[in-house]
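**Q** One structure follows; several queries about it will come next.
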Amino acid sequence: MSYIDSDKNKECTVYLFVATFPYSQYTYIEAAASMNQSDWLYCNVHMLEFFEGSPVKIVCDNLKTGVITHPKHGEIILNDAYLSFAEHYQAAIMPAEVRKPKQKPSVEGSVGKIARKIIGMLRYETFHSLEALNRGVMDALAKLNSKEFQKRNGSRKILFETEEKPMLRALPLTPFEICEWSYNHKVGPNSHVWFEKGQYSVPSDYLNQYVDVRYNNTIVYIYSSHKLIAEHKRLPSGLKNGKGTEASHLPYPVYIPETVESATAKAEEIGTNTTTVVCRVYENAKIKEQGLMDVRSVLDIASMYGEKTLEEACGRALKDFHMITYNTLIPYIKDISKSKKNKMKSENEKEQKHGIVRGADYYRKEGTK
């Protein structure tokens, strides 16, 4: 089957995934854009969701996305992802032998019916997306499954719900997560790895080591020696040089840009005079954010001369000026600092002028009067 891609203005061929229960002939069909592993697994997951249960055994064809080797004598080797799917749903995968269509007659027969009925029913309709095509397929499939048999009582749907569905196992609470792998990504000095034009952080213990990435459409998992070390939401596909960063992964504190609110809060911790100066700087700016640089320079004085010195200087400056800046405060800061130095110097000199005075009691011998 096919649909018209409106963006590229071309016809796109699709492939039909078919699954059938042997007794009822109850069938599931889905159109997929390709026959690769990801589409194959998605179809299998959707199949079990459609049937609302998991069978004990699944007989599949010998496609390479599911079966790696199927020798005439020896062990069958399944694809790792397909094997994980089977383990998740507790179903045994038993591929039919090569060139043995009679081992899966139900699905072989259904393919013929689908070709004649469903594809035939939709042959005059034009679809402009894969989703629209699948909606059309599901509508036609519902009619096929509900249609009464000619030579037996009931329909495919009735027989399935009464005879086969009660025998199915309940599906897990979470569906199988379909992921792909990308190997040997080096952790950079910024504790990030590059993947799909974006960067994702890992703990800094893994700097300069090589890690593996397991991913799907929404999540990126990062492994080192088969151990999960980081998990991120996948960055949007159109975003280039984006970063998915977790603060705890970095070997240094994350830089958080200062804001009007954070600068004001810092001024309030220093004192009321400093807060008044900061608020007036913001009020004088046409846009508050424009005054942030002036406020930051005022608050930086505290790191050089101390918070008490800044608070005292602001108090003095407010008596003389309404609008105060860094340059306004510096003369007051230097004057206060000079006064403090002179005070400390005089106190030291005063201590040195006093000698050590010992009274008569110091020299009196023990036992004398």
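Residue names in the structure tokens use chain letters A, B, ... in the order shown, residue numbers from 1 in each chain, and ligand numbers from 1 in the order shown.
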I'd like the contact shell of Arg156 in chain A - 10 Å cut-off, only C-alpha atoms, skipping same-chain residues fewer than 6 positions apart - returned as a short mmCIF file (atom, residue, chain, number, x, y, z; two decimals) with N, CA and C atoms, in the first residue's frame.

**A**
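So the final result, stored in part.cif, reads:
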data_model
loop_
_atom_site.label_atom_id
_atom_site.label_comp_id
_atom_site.auth_asym_id
_atom_site.auth_seq_id
_atom_site.Cartn_x
_atom_site.Cartn_y
_atom_site.Cartn_z
N PHE A 21 -4.78 -14.96 15.09
CA PHE A 21 -4.98 -16.10 16.00
C PHE A 21 -5.47 -17.29 15.18
N TYR A 23 -7.30 -20.14 15.76
CA TYR A 23 -8.63 -20.73 15.84
C TYR A 23 -9.70 -19.77 15.34
N SER A 24 -9.67 -18.56 15.83
CA SER A 24 -10.72 -17.59 15.46
C SER A 24 -10.42 -16.87 14.15
N GLN A 25 -9.18 -16.86 13.73
CA GLN A 25 -8.74 -16.08 12.57
C GLN A 25 -8.86 -14.57 12.82
N TYR A 26 -8.95 -14.20 14.09
CA TYR A 26 -9.01 -12.80 14.47
C TYR A 26 -7.67 -12.16 14.13
N THR A 27 -7.70 -11.06 13.38
CA THR A 27 -6.49 -10.54 12.74
C THR A 27 -6.18 -9.11 13.16
N LEU A 144 -13.95 -6.47 8.74
CA LEU A 144 -13.55 -7.83 8.41
C LEU A 144 -13.66 -8.75 9.62
N ASN A 145 -13.19 -8.28 10.78
CA ASN A 145 -13.23 -9.12 11.99
C ASN A 145 -14.65 -9.32 12.52
N SER A 146 -15.53 -8.36 12.24
CA SER A 146 -16.91 -8.46 12.74
C SER A 146 -17.86 -9.16 11.77
N LYS A 147 -17.39 -9.42 10.57
CA LYS A 147 -18.25 -10.04 9.55
C LYS A 147 -18.54 -11.50 9.91
N GLU A 148 -19.81 -11.94 9.75
CA GLU A 148 -20.22 -13.31 10.08
C GLU A 148 -19.56 -14.32 9.11
N PHE A 149 -19.16 -15.46 9.70
CA PHE A 149 -18.62 -16.54 8.87
C PHE A 149 -19.71 -17.12 7.96
#

**Q** So that I can see what lies close to range 225-230 of chain A, please list as an mmCIF file with N, CA, C and O atoms, in the first residue's frame the residues with an atom at most 8 Å from it, counting only C-alpha atoms and leaving out residues fewer than 5 positions away in the same chain.

**A**
data_model
loop_
_atom_site.group_PDB
_atom_site.id
_atom_site.type_symbol
_atom_site.label_atom_id
_atom_site.label_comp_id
_atom_site.auth_asym_id
_atom_site.auth_seq_id
_atom_site.Cartn_x
_atom_site.Cartn_y
_atom_site.Cartn_z
ATOM 1 N N SER A 201 24.774 15.126 30.025
ATOM 2 C CA SER A 201 25.743 15.045 31.120
ATOM 3 C C SER A 201 25.798 13.645 31.726
ATOM 4 O O SER A 201 24.827 12.888 31.706
ATOM 5 N N VAL A 202 26.972 13.313 32.256
ATOM 6 C CA VAL A 202 27.189 12.092 33.028
ATOM 7 C C VAL A 202 27.972 12.486 34.273
ATOM 8 O O VAL A 202 28.594 13.556 34.312
ATOM 9 N N PRO A 203 27.980 11.657 35.330
ATOM 10 C CA PRO A 203 28.754 11.993 36.526
ATOM 11 C C PRO A 203 30.221 12.247 36.191
ATOM 12 O O PRO A 203 30.801 11.593 35.325
ATOM 13 N N VAL A 211 31.473 5.650 26.855
ATOM 14 C CA VAL A 211 30.189 5.146 27.345
ATOM 15 C C VAL A 211 29.307 4.780 26.154
ATOM 16 O O VAL A 211 29.594 5.149 25.014
#

**Q** Give me, as a PDB file with N, CA and C atoms, in the first residue's frame, all polymer residues having an atom no more than 10 Å from Glu177 in chain A, counting only C-alpha atoms and skipping those fewer than 4 positions away in the same chain.

**A**
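Below is the file around-v7.pdb, written as the result:
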ATOM      1  N   LEU A  41       9.333  -3.949  16.009  1.00  0.00           N
ATOM      2  CA  LEU A  41       9.017  -4.066  17.431  1.00  0.00           C
ATOM      3  C   LEU A  41       7.790  -3.241  17.802  1.00  0.00           C
ATOM      4  N   TYR A  42       7.676  -2.045  17.230  1.00  0.00           N
ATOM      5  CA  TYR A  42       6.484  -1.227  17.503  1.00  0.00           C
ATOM      6  C   TYR A  42       5.221  -1.966  17.059  1.00  0.00           C
ATOM      7  N   VAL A  45       4.363  -4.638  19.633  1.00  0.00           N
ATOM      8  CA  VAL A  45       3.775  -4.060  20.852  1.00  0.00           C
ATOM      9  C   VAL A  45       2.328  -3.653  20.602  1.00  0.00           C
ATOM     10  N   ALA A  81      16.922  -7.427  20.784  1.00  0.00           N
ATOM     11  CA  ALA A  81      15.765  -6.575  21.073  1.00  0.00           C
ATOM     12  C   ALA A  81      14.468  -7.383  21.027  1.00  0.00           C
ATOM     13  N   SER A  84      14.280  -9.492  24.109  1.00  0.00           N
ATOM     14  CA  SER A  84      13.871  -8.678  25.258  1.00  0.00           C
ATOM     15  C   SER A  84      12.367  -8.429  25.237  1.00  0.00           C
ATOM     16  N   PHE A  85      11.823  -8.201  24.043  1.00  0.00           N
ATOM     17  CA  PHE A  85      10.368  -8.045  23.892  1.00  0.00           C
ATOM     18  C   PHE A  85       9.641  -9.290  24.387  1.00  0.00           C
ATOM     19  N   HIS A  88       9.770  -9.581  28.146  1.00  0.00           N
ATOM     20  CA  HIS A  88       8.922  -8.590  28.802  1.00  0.00           C
ATOM     21  C   HIS A  88       7.474  -9.057  28.862  1.00  0.00           C
ATOM     22  N   TYR A 215      18.714   4.626  23.492  1.00  0.00           N
ATOM     23  CA  TYR A 215      17.773   5.727  23.308  1.00  0.00           C
ATOM     24  C   TYR A 215      16.505   5.277  22.597  1.00  0.00           C
ATOM     25  N   ASN A 216      15.453   6.066  22.810  1.00  0.00           N
ATOM     26  CA  ASN A 216      14.219   5.932  22.043  1.00  0.00           C
ATOM     27  C   ASN A 216      13.752   7.332  21.673  1.00  0.00           C
ATOM     28  N   ILE A 219      13.556   9.239  25.614  1.00  0.00           N
ATOM     29  CA  ILE A 219      14.532   9.124  26.697  1.00  0.00           C
ATOM     30  C   ILE A 219      15.889   8.721  26.144  1.00  0.00           C
TER      31      ILE A 219
END

**Q** As a PyMOL selection string, please: the residues near range 231-243 of chain A (cut-off 7 Å, only C-alpha atoms, same-chain neighbours under 3 positions excluded).

**A** chain A and resi 197-200+218-222

**Q** Restricting the output to N, CA and C atoms, write the selected residues as a short mmCIF file (atom, residue, chain, number, x, y, z; two decimals), in the first residue's frame.

**A**
data_model
loop_
_atom_site.label_atom_id
_atom_site.label_comp_id
_atom_site.auth_asym_id
_atom_site.auth_seq_id
_atom_site.Cartn_x
_atom_site.Cartn_y
_atom_site.Cartn_z
N LYS A 197 23.70 15.49 17.73
CA LYS A 197 23.84 16.95 17.69
C LYS A 197 23.47 17.64 19.00
N GLY A 198 23.51 16.90 20.10
CA GLY A 198 23.25 17.47 21.41
C GLY A 198 24.19 16.88 22.44
N GLN A 199 24.23 17.48 23.63
CA GLN A 199 25.12 17.01 24.70
C GLN A 199 24.29 16.58 25.91
N TYR A 200 24.72 15.50 26.53
CA TYR A 200 24.04 14.97 27.71
C TYR A 200 25.09 14.73 28.81
N THR A 218 11.94 9.40 23.28
CA THR A 218 11.73 10.34 24.38
C THR A 218 12.86 10.36 25.42
N ILE A 219 13.56 9.24 25.61
CA ILE A 219 14.53 9.12 26.70
C ILE A 219 15.89 8.72 26.14
N VAL A 220 16.95 9.24 26.77
CA VAL A 220 18.33 8.84 26.46
C VAL A 220 18.93 8.24 27.73
N TYR A 221 19.39 6.98 27.64
CA TYR A 221 20.04 6.30 28.76
C TYR A 221 21.53 6.16 28.43
N ILE A 222 22.39 6.42 29.41
CA ILE A 222 23.83 6.33 29.20
C ILE A 222 24.41 5.26 30.14
#

**Q** Do you know which residues are at most 12 Å from Ser2 in chain A counting only C-alpha atoms, after dropping those on the same chain fewer than 5 positions away, and could you put them as a list in words?

**A**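 Here the answer would be Lys10, Glu11, Cys12, Thr13, Val14, Tyr15, Leu16, Ala31, Ala32, Ala33, Ser34, Ile119, Leu122, Arg123, Tyr124, Glu125, Thr126, Phe127, His128, Ser129, Leu130, Glu131, Ala132, Leu133, Asn134, Gly136 and Val137 of chain A.
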
**Q** Taking the chain letters and numbering used in this document, name the residues of range 150-191 of chain A that DSSP puts in helix (DSSP H, G or I), as a PyMOL selection string.

**A** chain A and resi 156-167

**Q** Keeping only N, CA and C atoms, write the selected residues to a file as a CSV table (one decimal), in the first residue's frame.

**A**
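Output below, filename again03.csv:
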chain,number,residue,atom,x,y,z
A,156,ARG,N,-15.1,-13.6,13.5
A,156,ARG,CA,-13.7,-13.7,14.1
A,156,ARG,C,-13.7,-13.1,15.5
A,157,LYS,N,-14.3,-11.9,15.6
A,157,LYS,CA,-14.3,-11.2,16.9
A,157,LYS,C,-15.0,-12.0,18.0
A,158,ILE,N,-16.1,-12.5,17.6
A,158,ILE,CA,-16.9,-13.3,18.7
A,158,ILE,C,-16.1,-14.5,19.1
A,159,LEU,N,-15.6,-15.2,18.2
A,159,LEU,CA,-14.8,-16.5,18.6
A,159,LEU,C,-13.6,-16.1,19.4
A,160,PHE,N,-12.9,-15.0,19.0
A,160,PHE,CA,-11.7,-14.6,19.7
A,160,PHE,C,-12.1,-14.3,21.2
A,161,GLU,N,-13.1,-13.4,21.4
A,161,GLU,CA,-13.5,-13.0,22.7
A,161,GLU,C,-14.0,-14.1,23.6
A,162,THR,N,-14.7,-15.1,23.0
A,162,THR,CA,-15.2,-16.1,23.8
A,162,THR,C,-14.3,-17.3,24.0
A,163,GLU,N,-13.5,-17.6,23.0
A,163,GLU,CA,-12.6,-18.8,23.1
A,163,GLU,C,-11.1,-18.6,23.4
A,164,GLU,N,-10.6,-17.5,22.8
A,164,GLU,CA,-9.1,-17.3,22.9
A,164,GLU,C,-8.7,-16.3,23.9
A,165,LYS,N,-9.4,-15.2,23.9
A,165,LYS,CA,-9.0,-14.1,24.8
A,165,LYS,C,-8.9,-14.5,26.3
A,166,PRO,N,-9.9,-15.3,26.8
A,166,PRO,CA,-9.7,-15.7,28.2
A,166,PRO,C,-8.5,-16.5,28.5
A,167,MET,N,-7.8,-17.0,27.5
A,167,MET,CA,-6.6,-17.8,27.7
A,167,MET,C,-5.3,-17.0,27.6

**Q** Between A:Leu310, A:Val260, A:Met121, A:Val18, which is the closest to Glu289 in chain A once you count only C-alpha atoms?

**A** A:Val260

**Q** Between A:Arg214, A:Lys340, A:His46, A:Arg296, which one has atoms that come closest to Glu258 in chain A, using only C-alpha atoms?

**A**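 Among A:Arg214, A:Lys340, A:His46, A:Arg296, it is A:Arg296 that comes nearest to Glu258 in chain A.
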
**Q** Just want the 12 Å neighbourhood of Ala302 in chain A, counted on only C-alpha atoms, with same-chain residues fewer than 3 positions away dropped. Output as number ranges by chain.

**A** A: 266-267, 269-271, 274, 295-299, 305-314, 326, 329-330, 333

**Q** Keeping only N, CA, C and O atoms, write the selected residues as an mmCIF file, in the first residue's frame.

**A**
data_model
loop_
_atom_site.group_PDB
_atom_site.id
_atom_site.type_symbol
_atom_site.label_atom_id
_atom_site.label_comp_id
_atom_site.auth_asym_id
_atom_site.auth_seq_id
_atom_site.Cartn_x
_atom_site.Cartn_y
_atom_site.Cartn_z
ATOM 1 N N LYS A 266 19.920 39.550 48.149
ATOM 2 C CA LYS A 266 21.280 39.645 48.684
ATOM 3 C C LYS A 266 21.477 40.964 49.417
ATOM 4 O O LYS A 266 22.120 41.015 50.482
ATOM 5 N N ALA A 267 20.928 42.066 48.885
ATOM 6 C CA ALA A 267 21.025 43.374 49.537
ATOM 7 C C ALA A 267 20.290 43.383 50.873
ATOM 8 O O ALA A 267 20.757 43.973 51.857
ATOM 9 N N GLU A 269 19.911 40.928 52.868
ATOM 10 C CA GLU A 269 20.717 40.208 53.860
ATOM 11 C C GLU A 269 21.808 41.097 54.448
ATOM 12 O O GLU A 269 22.210 40.918 55.608
ATOM 13 N N ILE A 270 22.291 42.071 53.656
ATOM 14 C CA ILE A 270 23.354 42.954 54.137
ATOM 15 C C ILE A 270 22.799 44.005 55.099
ATOM 16 O O ILE A 270 23.363 44.260 56.163
ATOM 17 N N GLY A 271 21.671 44.635 54.721
ATOM 18 C CA GLY A 271 21.087 45.629 55.617
ATOM 19 C C GLY A 271 20.107 46.543 54.911
ATOM 20 O O GLY A 271 19.984 46.532 53.677
ATOM 21 N N THR A 274 21.696 49.304 52.427
ATOM 22 C CA THR A 274 22.094 48.718 51.147
ATOM 23 C C THR A 274 20.862 48.417 50.301
ATOM 24 O O THR A 274 20.860 48.638 49.082
ATOM 25 N N VAL A 295 23.793 47.485 40.160
ATOM 26 C CA VAL A 295 23.532 46.867 41.466
ATOM 27 C C VAL A 295 24.619 45.848 41.794
ATOM 28 O O VAL A 295 25.104 45.769 42.929
ATOM 29 N N ARG A 296 25.021 45.065 40.795
ATOM 30 C CA ARG A 296 26.042 44.047 41.018
ATOM 31 C C ARG A 296 27.369 44.681 41.447
ATOM 32 O O ARG A 296 28.068 44.165 42.328
ATOM 33 N N SER A 297 27.722 45.820 40.830
ATOM 34 C CA SER A 297 28.974 46.491 41.198
ATOM 35 C C SER A 297 28.920 47.020 42.637
ATOM 36 O O SER A 297 29.922 47.000 43.356
ATOM 37 N N VAL A 298 27.733 47.481 43.057
ATOM 38 C CA VAL A 298 27.570 47.935 44.447
ATOM 39 C C VAL A 298 27.722 46.765 45.413
ATOM 40 O O VAL A 298 28.436 46.852 46.427
ATOM 41 N N LEU A 299 27.087 45.661 45.122
ATOM 42 C CA LEU A 299 27.140 44.502 46.009
ATOM 43 C C LEU A 299 28.516 43.858 46.034
ATOM 44 O O LEU A 299 28.887 43.216 47.027
ATOM 45 N N TYR A 305 35.383 44.625 50.897
ATOM 46 C CA TYR A 305 35.564 45.383 52.135
ATOM 47 C C TYR A 305 34.712 44.872 53.302
ATOM 48 O O TYR A 305 34.878 45.335 54.432
ATOM 49 N N GLY A 306 33.792 43.948 53.007
ATOM 50 C CA GLY A 306 32.939 43.421 54.065
ATOM 51 C C GLY A 306 31.541 44.022 54.028
ATOM 52 O O GLY A 306 31.355 45.170 53.591
ATOM 53 N N GLU A 307 30.575 43.265 54.504
ATOM 54 C CA GLU A 307 29.182 43.704 54.470
ATOM 55 C C GLU A 307 28.925 44.875 55.408
ATOM 56 O O GLU A 307 28.155 45.787 55.082
ATOM 57 N N LYS A 308 29.567 44.870 56.576
ATOM 58 C CA LYS A 308 29.353 45.963 57.537
ATOM 59 C C LYS A 308 29.862 47.293 56.980
ATOM 60 O O LYS A 308 29.228 48.339 57.171
ATOM 61 N N THR A 309 30.983 47.234 56.296
ATOM 62 C CA THR A 309 31.544 48.455 55.696
ATOM 63 C C THR A 309 30.609 48.995 54.617
ATOM 64 O O THR A 309 30.365 50.218 54.533
ATOM 65 N N LEU A 310 30.081 48.100 53.777
ATOM 66 C CA LEU A 310 29.149 48.526 52.727
ATOM 67 C C LEU A 310 27.888 49.126 53.332
ATOM 68 O O LEU A 310 27.404 50.179 52.878
ATOM 69 N N GLU A 311 27.348 48.506 54.356
ATOM 70 C CA GLU A 311 26.124 48.995 54.983
ATOM 71 C C GLU A 311 26.340 50.381 55.608
ATOM 72 O O GLU A 311 25.511 51.280 55.466
ATOM 73 N N GLU A 312 27.495 50.558 56.247
ATOM 74 C CA GLU A 312 27.800 51.859 56.862
ATOM 75 C C GLU A 312 28.001 52.934 55.793
ATOM 76 O O GLU A 312 27.523 54.072 55.940
ATOM 77 N N ALA A 313 28.687 52.574 54.707
ATOM 78 C CA ALA A 313 28.925 53.534 53.626
ATOM 79 C C ALA A 313 27.617 53.957 52.967
ATOM 80 O O ALA A 313 27.421 55.135 52.642
ATOM 81 N N CYS A 314 26.711 53.007 52.770
ATOM 82 C CA CYS A 314 25.400 53.328 52.195
ATOM 83 C C CYS A 314 24.631 54.274 53.106
ATOM 84 O O CYS A 314 23.953 55.218 52.642
ATOM 85 N N TYR A 326 28.213 53.080 42.382
ATOM 86 C CA TYR A 326 29.488 52.532 42.852
ATOM 87 C C TYR A 326 30.494 53.659 43.090
ATOM 88 O O TYR A 326 31.153 53.718 44.137
ATOM 89 N N LEU A 329 29.869 55.620 46.249
ATOM 90 C CA LEU A 329 30.169 54.908 47.492
ATOM 91 C C LEU A 329 31.658 54.777 47.779
ATOM 92 O O LEU A 329 32.067 54.733 48.949
ATOM 93 N N ILE A 330 32.490 54.714 46.756
ATOM 94 C CA ILE A 330 33.905 54.433 46.958
ATOM 95 C C ILE A 330 34.594 55.416 47.915
ATOM 96 O O ILE A 330 35.342 54.992 48.805
ATOM 97 N N ILE A 333 33.640 54.395 51.331
ATOM 98 C CA ILE A 333 34.261 53.107 51.663
ATOM 99 C C ILE A 333 35.710 53.311 52.080
ATOM 100 O O ILE A 333 36.173 52.762 53.101
#

**Q** Near Glu261 in chain A, counting only C-alpha atoms, which residues have an atom at most 12 Å away, once you skip same-chain residues fewer than 2 positions from it, shown as a short mmCIF file (atom, residue, chain, number, x, y, z; two decimals) with C-alpha atoms, in the first residue's frame?

**A**
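As written to disk, out_22.cif reads:
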data_model
loop_
_atom_site.label_atom_id
_atom_site.label_comp_id
_atom_site.auth_asym_id
_atom_site.auth_seq_id
_atom_site.Cartn_x
_atom_site.Cartn_y
_atom_site.Cartn_z
CA PRO A 257 22.68 33.96 36.36
CA GLU A 258 21.87 36.72 38.83
CA THR A 259 18.41 38.25 38.58
CA ALA A 263 20.28 40.72 43.83
CA THR A 264 17.58 42.40 45.93
CA ALA A 265 17.50 39.44 48.31
CA LYS A 266 21.28 39.65 48.68
CA ALA A 267 21.03 43.37 49.54
CA GLU A 268 18.35 42.65 52.16
CA THR A 275 18.56 47.65 50.21
CA VAL A 278 19.71 48.98 45.39
CA CYS A 279 16.00 49.80 45.11
CA TYR A 282 16.30 49.89 39.95
CA LYS A 288 14.84 46.96 35.95
CA GLU A 289 17.19 44.52 34.26
CA LEU A 292 21.36 44.96 37.33
CA VAL A 295 23.53 46.87 41.47
#

**Q** Give the strand (DSSP E) residues of range 61-295 of chain A, as DSSP finds them on the backbone, and put them as a PyMOL selection string.

**A** chain A and resi 67-69+77-78+92-93+180-186+192-195+198-201+210-215+219-224+227-233+242-244

**Q** Work out how far CA of Met293 in chain A is from CA of Pro251 in chain A, in Å to one decimal.

**A**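 Those two atoms sit 28.2 Å apart.
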